[in-house]
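Peer 1: The following file, target-v2.txt, comprises compact mmCIF, C-alpha atoms:
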```txt
# COMPACT_ATOMS: atom_id res chain seq x y z
CA MET A 177 163.16 165.67 132.68
CA ALA A 178 159.99 163.57 132.85
CA TRP A 179 160.17 159.93 133.70
CA PHE A 180 157.72 157.39 132.34
CA LYS A 181 157.03 153.84 133.36
CA ARG A 182 155.10 151.24 131.36
CA LYS A 183 152.12 149.77 133.13
CA THR A 184 152.35 146.53 131.08
CA ASP A 185 155.05 144.84 129.04
CA ASN A 186 154.47 144.75 125.26
CA ILE A 187 156.66 141.67 124.99
CA SER A 188 156.03 138.78 127.31
CA GLY A 189 158.99 137.65 129.30
CA ASP A 190 157.78 134.04 129.06
CA THR A 191 159.79 132.67 126.16
CA GLN A 192 159.05 129.02 126.94
CA LYS A 193 157.98 127.13 123.82
CA LYS A 194 154.31 126.25 123.73
CA ASP A 195 153.74 122.65 122.66
CA LEU A 196 151.22 122.13 119.83
CA PRO A 197 148.43 119.68 120.59
CA GLU A 198 149.32 116.20 119.38
CA GLY A 199 147.58 114.83 116.30
CA MET A 200 146.59 118.23 114.87
CA TRP A 201 149.26 118.49 112.16
CA GLU A 202 150.62 116.30 109.37
CA LYS A 203 153.84 116.72 107.41
CA CYS A 204 153.47 116.07 103.69
CA PRO A 205 155.92 113.35 102.52
CA GLY A 206 155.83 114.92 99.05
CA CYS A 207 156.83 118.52 99.73
CA GLY A 208 157.42 118.77 103.48
CA GLU A 209 154.56 121.22 104.03
CA ILE A 210 153.03 121.21 107.53
CA LEU A 211 149.27 120.81 107.14
CA HIS A 212 146.43 121.09 109.63
CA LYS A 213 144.81 117.69 109.93
CA LYS A 214 141.24 118.99 109.63
CA GLN A 215 142.11 121.00 106.54
CA LEU A 216 143.79 117.94 105.04
CA GLU A 217 140.76 115.77 105.80
CA ASN A 218 138.46 118.31 104.14
CA ASN A 219 140.69 118.08 101.04
CA PHE A 220 140.26 114.27 100.87
CA TRP A 221 143.71 113.69 102.41
CA VAL A 222 145.42 115.32 99.43
CA CYS A 223 148.18 117.90 100.03
CA LEU A 224 146.95 121.41 99.31
CA LYS A 225 150.38 122.46 98.05
CA CYS A 226 151.75 119.58 95.93
CA ASP A 227 148.71 117.28 95.45
CA TYR A 228 150.43 114.38 97.21
CA HIS A 229 147.90 111.65 98.04
CA PHE A 230 148.29 110.47 101.64
CA ARG A 231 147.69 106.80 102.34
CA ILE A 232 144.27 106.39 103.90
CA GLY A 233 142.23 103.46 105.18
CA SER A 234 138.94 101.83 104.32
CA SER A 235 136.90 104.07 106.62
CA GLU A 236 138.15 107.20 104.83
CA TYR A 237 137.38 105.79 101.38
CA ILE A 238 133.85 104.90 102.48
CA LYS A 239 133.28 108.52 103.53
CA ILE A 240 134.79 109.90 100.32
CA LEU A 241 133.15 107.62 97.73
CA LEU A 242 129.81 106.40 99.06
CA ASP A 243 126.54 108.14 99.84
CA GLU A 244 126.39 108.97 103.52
CA GLY A 245 125.06 106.13 105.66
CA SER A 246 124.66 103.72 102.74
CA PHE A 247 127.52 101.30 103.51
CA LYS A 248 126.56 97.90 104.89
CA GLU A 249 129.53 95.74 105.82
CA LEU A 250 129.72 92.03 104.98
CA ASN A 251 131.62 89.29 106.84
CA LYS A 252 132.99 91.83 109.30
CA LYS A 253 134.51 89.46 111.87
CA MET A 254 136.03 86.89 109.54
CA LYS A 255 139.53 86.24 110.94
CA SER A 256 142.63 84.42 109.68
CA ALA A 257 143.48 81.00 111.04
CA ASP A 258 147.07 79.73 111.30
CA PRO A 259 147.13 76.54 109.18
CA LEU A 260 150.94 76.52 108.90
CA GLN A 261 151.55 77.38 112.58
CA PHE A 262 153.86 80.09 111.30
CA THR A 263 156.34 81.89 113.53
CA ASP A 264 158.91 84.55 112.63
CA SER A 265 159.73 87.21 115.22
CA LYS A 266 156.41 86.28 116.83
CA LYS A 267 153.62 83.78 116.31
CA TYR A 268 151.29 84.54 113.41
CA THR A 269 148.28 84.24 115.72
CA ASP A 270 149.83 86.80 118.09
CA ARG A 271 150.55 89.14 115.17
CA ILE A 272 146.96 88.88 113.97
CA ASP A 273 145.56 89.56 117.45
CA ALA A 274 147.87 92.55 117.98
CA THR A 275 146.97 94.04 114.59
CA ILE A 276 143.23 93.61 115.22
CA LYS A 277 143.67 95.41 118.54
CA SER A 278 145.72 98.29 117.08
CA THR A 279 143.66 98.87 113.90
CA GLY A 280 140.13 97.82 114.81
CA LEU A 281 140.09 95.73 111.62
CA HIS A 282 139.82 91.96 111.43
CA ASP A 283 141.82 91.63 108.22
CA ALA A 284 143.29 93.62 105.34
CA VAL A 285 140.06 94.19 103.41
CA LYS A 286 136.67 95.64 104.30
CA THR A 287 133.80 94.55 102.07
CA GLY A 288 130.15 95.51 101.76
CA THR A 289 127.49 97.21 99.70
CA GLY A 290 126.75 100.90 99.39
CA GLU A 291 125.50 103.54 97.00
CA ILE A 292 127.07 106.15 94.72
CA GLU A 293 124.53 108.82 93.81
CA GLY A 294 121.75 106.35 94.64
CA ARG A 295 123.18 103.47 92.58
CA GLU A 296 123.97 100.27 94.49
CA VAL A 297 127.56 99.01 94.30
CA ALA A 298 129.49 96.15 95.88
CA ILE A 299 132.79 97.47 97.21
CA GLY A 300 135.95 96.00 98.71
CA ILE A 301 138.60 98.30 100.20
CA MET A 302 142.02 97.06 101.20
CA ASP A 303 143.75 98.57 104.23
CA PHE A 304 147.56 98.81 104.12
CA LYS A 305 147.88 99.23 107.87
CA PHE A 306 146.78 95.61 108.42
CA ILE A 307 150.04 93.70 107.89
CA GLY A 308 150.89 95.77 104.81
CA GLY A 309 147.56 95.05 103.14
CA SER A 310 148.80 91.52 102.50
CA MET A 311 146.45 89.10 100.78
CA GLY A 312 145.78 85.96 102.80
CA SER A 313 142.94 83.45 102.86
CA VAL A 314 140.51 85.87 104.51
CA VAL A 315 141.12 88.61 101.95
CA GLY A 316 140.56 86.14 99.12
CA GLU A 317 137.43 84.66 100.71
CA LYS A 318 135.88 88.04 101.54
CA LEU A 319 136.47 89.30 98.00
CA ALA A 320 135.12 86.06 96.50
CA ARG A 321 131.93 86.43 98.57
CA LEU A 322 131.71 90.11 97.62
CA ILE A 323 131.84 89.25 93.92
CA GLN A 324 129.14 86.64 94.49
CA LYS A 325 127.06 89.36 96.20
CA ALA A 326 127.51 91.67 93.19
CA VAL A 327 126.27 88.89 90.88
CA LYS A 328 123.29 88.18 93.13
CA ASN A 329 122.33 91.88 93.42
CA LYS A 330 123.18 92.59 89.76
CA CYS A 331 125.26 95.61 90.71
CA PRO A 332 128.71 96.96 89.74
CA LEU A 333 131.81 95.88 91.66
CA ILE A 334 134.58 98.19 92.93
CA ILE A 335 137.81 96.95 94.52
CA ILE A 336 140.30 99.46 95.93
CA SER A 337 143.75 97.90 96.26
CA ALA A 338 146.53 98.87 98.67
CA SER A 339 148.79 95.91 99.21
CA GLY A 340 152.31 94.57 99.52
CA GLY A 341 151.19 91.31 97.92
CA ALA A 342 150.49 87.78 99.14
CA ARG A 343 150.79 87.09 102.90
CA MET A 344 153.92 85.02 103.46
CA MET A 345 152.63 83.63 106.78
CA GLU A 346 150.08 81.57 104.82
CA GLY A 347 152.43 80.31 102.12
CA ALA A 348 150.82 78.63 99.12
CA LEU A 349 147.36 79.13 100.63
CA SER A 350 147.71 82.87 100.07
CA LEU A 351 148.76 82.28 96.45
CA MET A 352 145.60 80.23 95.88
CA GLN A 353 143.59 83.42 96.44
CA LEU A 354 144.87 84.77 93.12
CA ALA A 355 143.13 81.93 91.26
CA LYS A 356 140.00 82.04 93.41
CA THR A 357 139.35 85.77 93.01
CA SER A 358 140.18 85.67 89.29
CA ALA A 359 137.72 82.80 88.76
CA ARG A 360 134.97 84.72 90.56
CA LEU A 361 135.68 87.79 88.42
CA THR A 362 135.12 85.60 85.36
CA GLN A 363 131.65 84.80 86.74
CA LEU A 364 131.00 88.53 87.18
CA HIS A 365 132.03 89.14 83.57
CA GLU A 366 129.77 86.34 82.35
CA ALA A 367 126.89 87.98 84.22
CA GLY A 368 127.54 91.17 82.23
CA LEU A 369 128.35 93.27 85.30
CA PRO A 370 131.10 95.93 85.38
CA TYR A 371 134.18 95.78 87.59
CA VAL A 372 136.19 98.90 88.40
CA SER A 373 139.64 98.33 89.89
CA ILE A 374 141.17 101.29 91.73
CA MET A 375 144.88 101.05 92.52
CA THR A 376 146.38 103.16 95.29
CA ASP A 377 149.86 103.48 96.75
CA PRO A 378 151.19 100.80 96.89
CA THR A 379 149.63 98.03 94.82
CA THR A 380 152.21 95.28 94.37
CA GLY A 381 152.88 91.53 94.31
CA GLY A 382 150.11 88.98 94.01
CA THR A 383 147.40 91.61 94.31
CA THR A 384 148.64 93.26 91.12
CA ALA A 385 149.02 89.83 89.51
CA SER A 386 145.35 89.02 90.11
CA TYR A 387 142.24 91.15 90.68
CA ALA A 388 143.94 94.58 90.70
CA MET A 389 144.73 94.37 86.98
CA LEU A 390 141.58 92.55 85.87
CA GLY A 391 139.15 95.46 85.90
CA ASP A 392 136.91 96.43 83.02
CA PHE A 393 138.17 99.86 84.05
CA ASN A 394 141.63 100.05 85.63
CA ILE A 395 142.03 103.35 87.50
CA ALA A 396 144.86 104.60 89.72
CA GLU A 397 145.45 107.51 92.04
CA PRO A 398 148.29 109.88 91.01
CA LYS A 399 151.90 108.78 91.63
CA ALA A 400 150.90 105.44 93.17
CA LEU A 401 153.50 102.66 93.13
CA ILE A 402 152.06 99.82 91.05
CA GLY A 403 153.94 96.69 90.04
CA PHE A 404 154.70 93.05 90.74
CA ALA A 405 158.29 92.96 92.00
CA GLY A 406 159.90 96.08 93.45
CA PRO A 407 162.15 98.36 91.36
CA ARG A 408 165.29 97.29 93.26
CA VAL A 409 164.65 93.59 92.55
CA ILE A 410 163.95 94.26 88.86
CA LYS A 411 167.09 96.38 88.49
CA GLN A 412 169.23 93.66 90.06
CA THR A 413 167.62 91.00 87.85
CA ILE A 414 168.04 92.75 84.49
CA GLY A 415 171.24 94.59 85.41
CA LYS A 416 170.06 97.87 83.90
CA ASP A 417 168.90 101.24 85.17
CA LEU A 418 165.13 101.67 85.11
CA PRO A 419 163.31 104.52 83.31
CA THR A 420 162.39 107.65 85.26
CA GLY A 421 159.05 107.24 87.00
CA PHE A 422 159.07 103.46 86.52
CA GLN A 423 156.04 101.74 88.15
CA THR A 424 154.22 105.00 88.90
CA SER A 425 150.59 105.45 87.84
CA GLU A 426 151.60 107.94 85.16
CA PHE A 427 154.23 105.57 83.70
CA LEU A 428 151.73 102.71 83.53
CA MET A 429 149.11 104.97 81.97
CA GLU A 430 151.57 106.05 79.29
CA HIS A 431 152.40 102.42 78.49
CA GLY A 432 148.81 101.19 78.27
CA PHE A 433 148.38 99.36 81.58
CA LEU A 434 145.79 101.80 82.99
CA ASP A 435 142.67 103.44 81.62
CA LEU A 436 142.67 106.50 83.88
CA VAL A 437 144.72 108.29 86.52
CA VAL A 438 142.22 110.13 88.71
CA SER A 439 142.69 112.44 91.68
CA ARG A 440 140.97 111.23 94.83
CA LYS A 441 138.98 114.48 94.81
CA GLU A 442 137.45 113.48 91.45
CA MET A 443 137.09 109.73 92.06
CA ARG A 444 133.46 109.68 93.22
CA ALA A 445 132.30 111.78 90.24
CA THR A 446 134.36 109.62 87.86
CA LEU A 447 132.77 106.41 89.16
CA ALA A 448 129.28 107.92 88.89
CA ASN A 449 129.99 108.95 85.27
CA ILE A 450 131.29 105.49 84.35
CA PHE A 451 128.22 103.74 85.74
CA ASN A 452 125.89 106.26 84.08
CA LEU A 453 127.58 105.73 80.70
CA ILE A 454 127.40 101.94 80.76
CA SER A 455 124.00 101.47 82.39
```
Any chance you could give the structure as C-alpha cells?
Peer 2:
Amino acid sequence: MAWFKRKTDNISGDTQKKDLPEGMWEKCPGCGEILHKKQLENNFWVCLKCDYHFRIGSSEYIKILLDEGSFKELNKKMKSADPLQFTDSKKYTDRIDATIKSTGLHDAVKTGTGEIEGREVAIGIMDFKFIGGSMGSVVGEKLARLIQKAVKNKCPLIIISASGGARMMEGALSLMQLAKTSARLTQLHEAGLPYVSIMTDPTTGGTTASYAMLGDFNIAEPKALIGFAGPRVIKQTIGKDLPTGFQTSEFLMEHGFLDLVVSRKEMRATLANIFNLIS
C-alpha cells in the first residue's frame, strides 16, 4: 500500500476571526444591508438595495449638488453667544465648544454661493449633527445674510433643511429667527427671485414653521420625516391613531404640502431643470 503525505494544508488551521478595518462598512437602517462605505458614497449615500437615504452633512451636499470647486462659504466662523447663560447637563458655551471641536462646524448651517451647471446660486445647508440642526440666532442670521446676498447677486436661493426645530438654549431669541428669515424671504420674493426649499430627514419644529415651507418650490427627499410636532405628541393631543405614513414626504406630497419628492441622485438635475424653466 502506498502512503501519501500532503506538502501543504488546503485548509488553514488558523481559525481566528480577522477584524474588518473600522469605518469601511455601513449598515442600512432601512433594510439592514451591510454596505461598503465607498460604494455607498458613490451612490450619493443612498442604499443600493432599498433606496434608503442616509443622513448626510453640508459637505456631502456641496459635493453632490454644486459644480466642483464653485462653493464659496460666507460667514464661516460666526458663533453662538450665550445671552441667557443657559445650563442643563452642561453649560451652553461648553456644549457649543465641544460640538465645534467634534464636527468642525461653527453652527448648524453652512451658507455660501456656488454654481449648478454654471448658474450661480445662493445656498444654505443645515447640518443635523450640530446640536440636532437646531435653529438659533446664528442660523437665523446666516440665512438672513444669505438671502440678502441672493438679492444682491440676483440669483436663485436654495435652503436644505435638516433640523429638530428651534434651539431651546436660546429661548425666545431662537423663535425670533422664524420672523426674521420669513421677512427676508418676502424681500427675495419682491425682487422676483426663486427660492427652492429642500427638506431632508428630519425637518421639524420651528424650521418647518418658517423658511422650510415657504419655498416657491417645496421639495423633499424620499421618506423624510417632516412636520411641526412629533407624531407621538400629536397622537396624545388628539387622542386618535394617526394615518399610515403620517408626516413622511410621500404623505405630505399626497396631501398637497409638497411640490416634488426627489431622490438625492436626481436632485442636481431637478434643480438645473427648474432654474432653466423659470429663467
Peer 1: Ranking A:Arg271, A:Lys356, A:Lys214, A:His365 by minimum distance to Ser386 of chain A and counting only C-alpha atoms, which one comes first?
Peer 2: A:Lys356
Peer 1: Go through A:Ala359, A:Cys207, A:Leu349, A:Ala342 and flag the residue nearest His229 of chain A, using all atoms listed in the file for the distances.
Peer 2: A:Cys207
Peer 1: Would you list the contacts of Asn219 of chain A as a ChimeraX atom specification, taking every protein, DNA or RNA residue within 12 Å and counting all atoms listed in the file, but skipping same-chain residues closer than 4 positions in sequence?
Peer 2: /A:211-215,223-225,227-230,236,240,439-442
Peer 1: Which neighbours of Ala396 of chain A fall inside 8 Å, counting only C-alpha atoms, when residues of the same chain fewer than 5 positions from it are skipped, and could you give them as an MDAnalysis selection string?
Peer 2: chainID A and resid 374:376 425 434 436:438
Peer 1: Pick from A:Glu430, A:Asp392, A:Glu296, A:Asp258: nearest to Gly347 of chain A, with all atoms listed in the file counted?
Peer 2: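 Of A:Glu430, A:Asp392, A:Glu296, A:Asp258, the one nearest Gly347 of chain A, counting all atoms listed in the file, is A:Asp258.
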Peer 1: How close does segment 349-441 of chain A get to segment 306-330 of chain A? List, as a Markdown table, each residue of segment 349-441 of chain A within 12 Å, its nearest atom pair and the distance in Å to one decimal, counting all atoms listed in the file.
Peer 2:
```
| residue | atom | partner | partner_atom | distance |
| --- | --- | --- | --- | --- |
| A:Leu349 | CA | A:Ser313 | CA | 6.6 |
| A:Ser350 | CA | A:Gly312 | CA | 4.6 |
| A:Leu351 | CA | A:Gly312 | CA | 7.9 |
| A:Met352 | CA | A:Ser313 | CA | 8.1 |
| A:Gln353 | CA | A:Gly316 | CA | 4.9 |
| A:Leu354 | CA | A:Gly316 | CA | 7.5 |
| A:Ala355 | CA | A:Gly316 | CA | 9.3 |
| A:Lys356 | CA | A:Ala320 | CA | 7.0 |
| A:Thr357 | CA | A:Ala320 | CA | 5.5 |
| A:Ser358 | CA | A:Ala320 | CA | 8.8 |
| A:Ala359 | CA | A:Ala320 | CA | 8.8 |
| A:Arg360 | CA | A:Ala320 | CA | 6.1 |
| A:Leu361 | CA | A:Ile323 | CA | 6.9 |
| A:Thr362 | CA | A:Ile323 | CA | 9.9 |
| A:Gln363 | CA | A:Val327 | CA | 7.9 |
| A:Leu364 | CA | A:Val327 | CA | 6.0 |
| A:His365 | CA | A:Val327 | CA | 9.3 |
| A:Glu366 | CA | A:Val327 | CA | 9.6 |
| A:Ala367 | CA | A:Val327 | CA | 6.8 |
| A:Gly368 | CA | A:Lys330 | CA | 8.8 |
| A:Leu369 | CA | A:Lys330 | CA | 6.9 |
| A:Pro370 | CA | A:Ala326 | CA | 9.6 |
| A:Tyr371 | CA | A:Ile323 | CA | 9.4 |
| A:Val372 | CA | A:Ile323 | CA | 11.9 |
| A:Thr376 | CA | A:Gly309 | CA | 11.3 |
| A:Asp377 | CA | A:Gly309 | CA | 10.8 |
| A:Pro378 | CA | A:Gly309 | CA | 9.2 |
| A:Thr379 | CA | A:Gly309 | CA | 9.1 |
| A:Thr380 | CA | A:Ser310 | CA | 9.6 |
| A:Gly381 | CA | A:Ser310 | CA | 9.2 |
| A:Gly382 | CA | A:Met311 | CA | 7.7 |
| A:Thr383 | CA | A:Met311 | CA | 7.0 |
| A:Thr384 | CA | A:Met311 | CA | 10.7 |
| A:Ala385 | CA | A:Met311 | CA | 11.6 |
| A:Ser386 | CA | A:Gly316 | CA | 10.6 |
| A:Tyr387 | CA | A:Leu319 | CA | 9.5 |
| A:Ala388 | CA | A:Leu319 | CA | 11.7 |
```
Peer 1: Go ahead and save the residues from that selection, with C-alpha atoms, as a compact mmCIF listing (two decimals), in the coordinates of the input.
Peer 2:
```
# COMPACT_ATOMS: atom_id res chain seq x y z
CA LEU A 349 147.36 79.13 100.63
CA SER A 350 147.71 82.87 100.07
CA LEU A 351 148.76 82.28 96.45
CA MET A 352 145.60 80.23 95.88
CA GLN A 353 143.59 83.42 96.44
CA LEU A 354 144.87 84.77 93.12
CA ALA A 355 143.13 81.93 91.26
CA LYS A 356 140.00 82.04 93.41
CA THR A 357 139.35 85.77 93.01
CA SER A 358 140.18 85.67 89.29
CA ALA A 359 137.72 82.80 88.76
CA ARG A 360 134.97 84.72 90.56
CA LEU A 361 135.68 87.79 88.42
CA THR A 362 135.12 85.60 85.36
CA GLN A 363 131.65 84.80 86.74
CA LEU A 364 131.00 88.53 87.18
CA HIS A 365 132.03 89.14 83.57
CA GLU A 366 129.77 86.34 82.35
CA ALA A 367 126.89 87.98 84.22
CA GLY A 368 127.54 91.17 82.23
CA LEU A 369 128.35 93.27 85.30
CA PRO A 370 131.10 95.93 85.38
CA TYR A 371 134.18 95.78 87.59
CA VAL A 372 136.19 98.90 88.40
CA THR A 376 146.38 103.16 95.29
CA ASP A 377 149.86 103.48 96.75
CA PRO A 378 151.19 100.80 96.89
CA THR A 379 149.63 98.03 94.82
CA THR A 380 152.21 95.28 94.37
CA GLY A 381 152.88 91.53 94.31
CA GLY A 382 150.11 88.98 94.01
CA THR A 383 147.40 91.61 94.31
CA THR A 384 148.64 93.26 91.12
CA ALA A 385 149.02 89.83 89.51
CA SER A 386 145.35 89.02 90.11
CA TYR A 387 142.24 91.15 90.68
CA ALA A 388 143.94 94.58 90.70
```
Peer 1: Counting only C-alpha atoms, which residues come within 9 Å of (131.9, 89.3, 108.2), with the point read in the file's coordinates, and could you list them as number ranges by chain?
Peer 2: A: 249-255, 282, 286-287, 318
Peer 1: For Asn394 of chain A, which residue among A:Gly432, A:Pro419, A:Gly206, A:Gly406 is the nearest when counting all atoms listed in the file?
Peer 2: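 Of all the options, A:Gly432 lies closest to Asn394 of chain A.
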Peer 1: Atom CA of Phe427 of chain A and atom CA of Ile402 of chain A, how far apart in Å?
Peer 2: 9.6 Å
Peer 1: Which residue, A:Ser373, A:Thr446, A:Ser337, A:Ser455, has the smallest gap to Ala284 of chain A when you use only C-alpha atoms?
Peer 2: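 Answer, going by the shortest atom-to-atom distance: A:Ser337.
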Peer 1: I need the residue nearest Lys239 of chain A from this list: A:Gly391, A:Gly208, A:Ile292, A:Asp273. Use only C-alpha atoms for the distance.
Peer 2: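 Looking only at the distances to Lys239 of chain A, the closest residue turns out to be A:Ile292.
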Peer 1: Kindly give the distance, in Å, that separates atom CA of Cys331 of chain A and atom CA of Val297 of chain A, rounded to a single decimal.
Peer 2: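 Atom CA of Cys331 of chain A sits 5.5 Å away from atom CA of Val297 of chain A.
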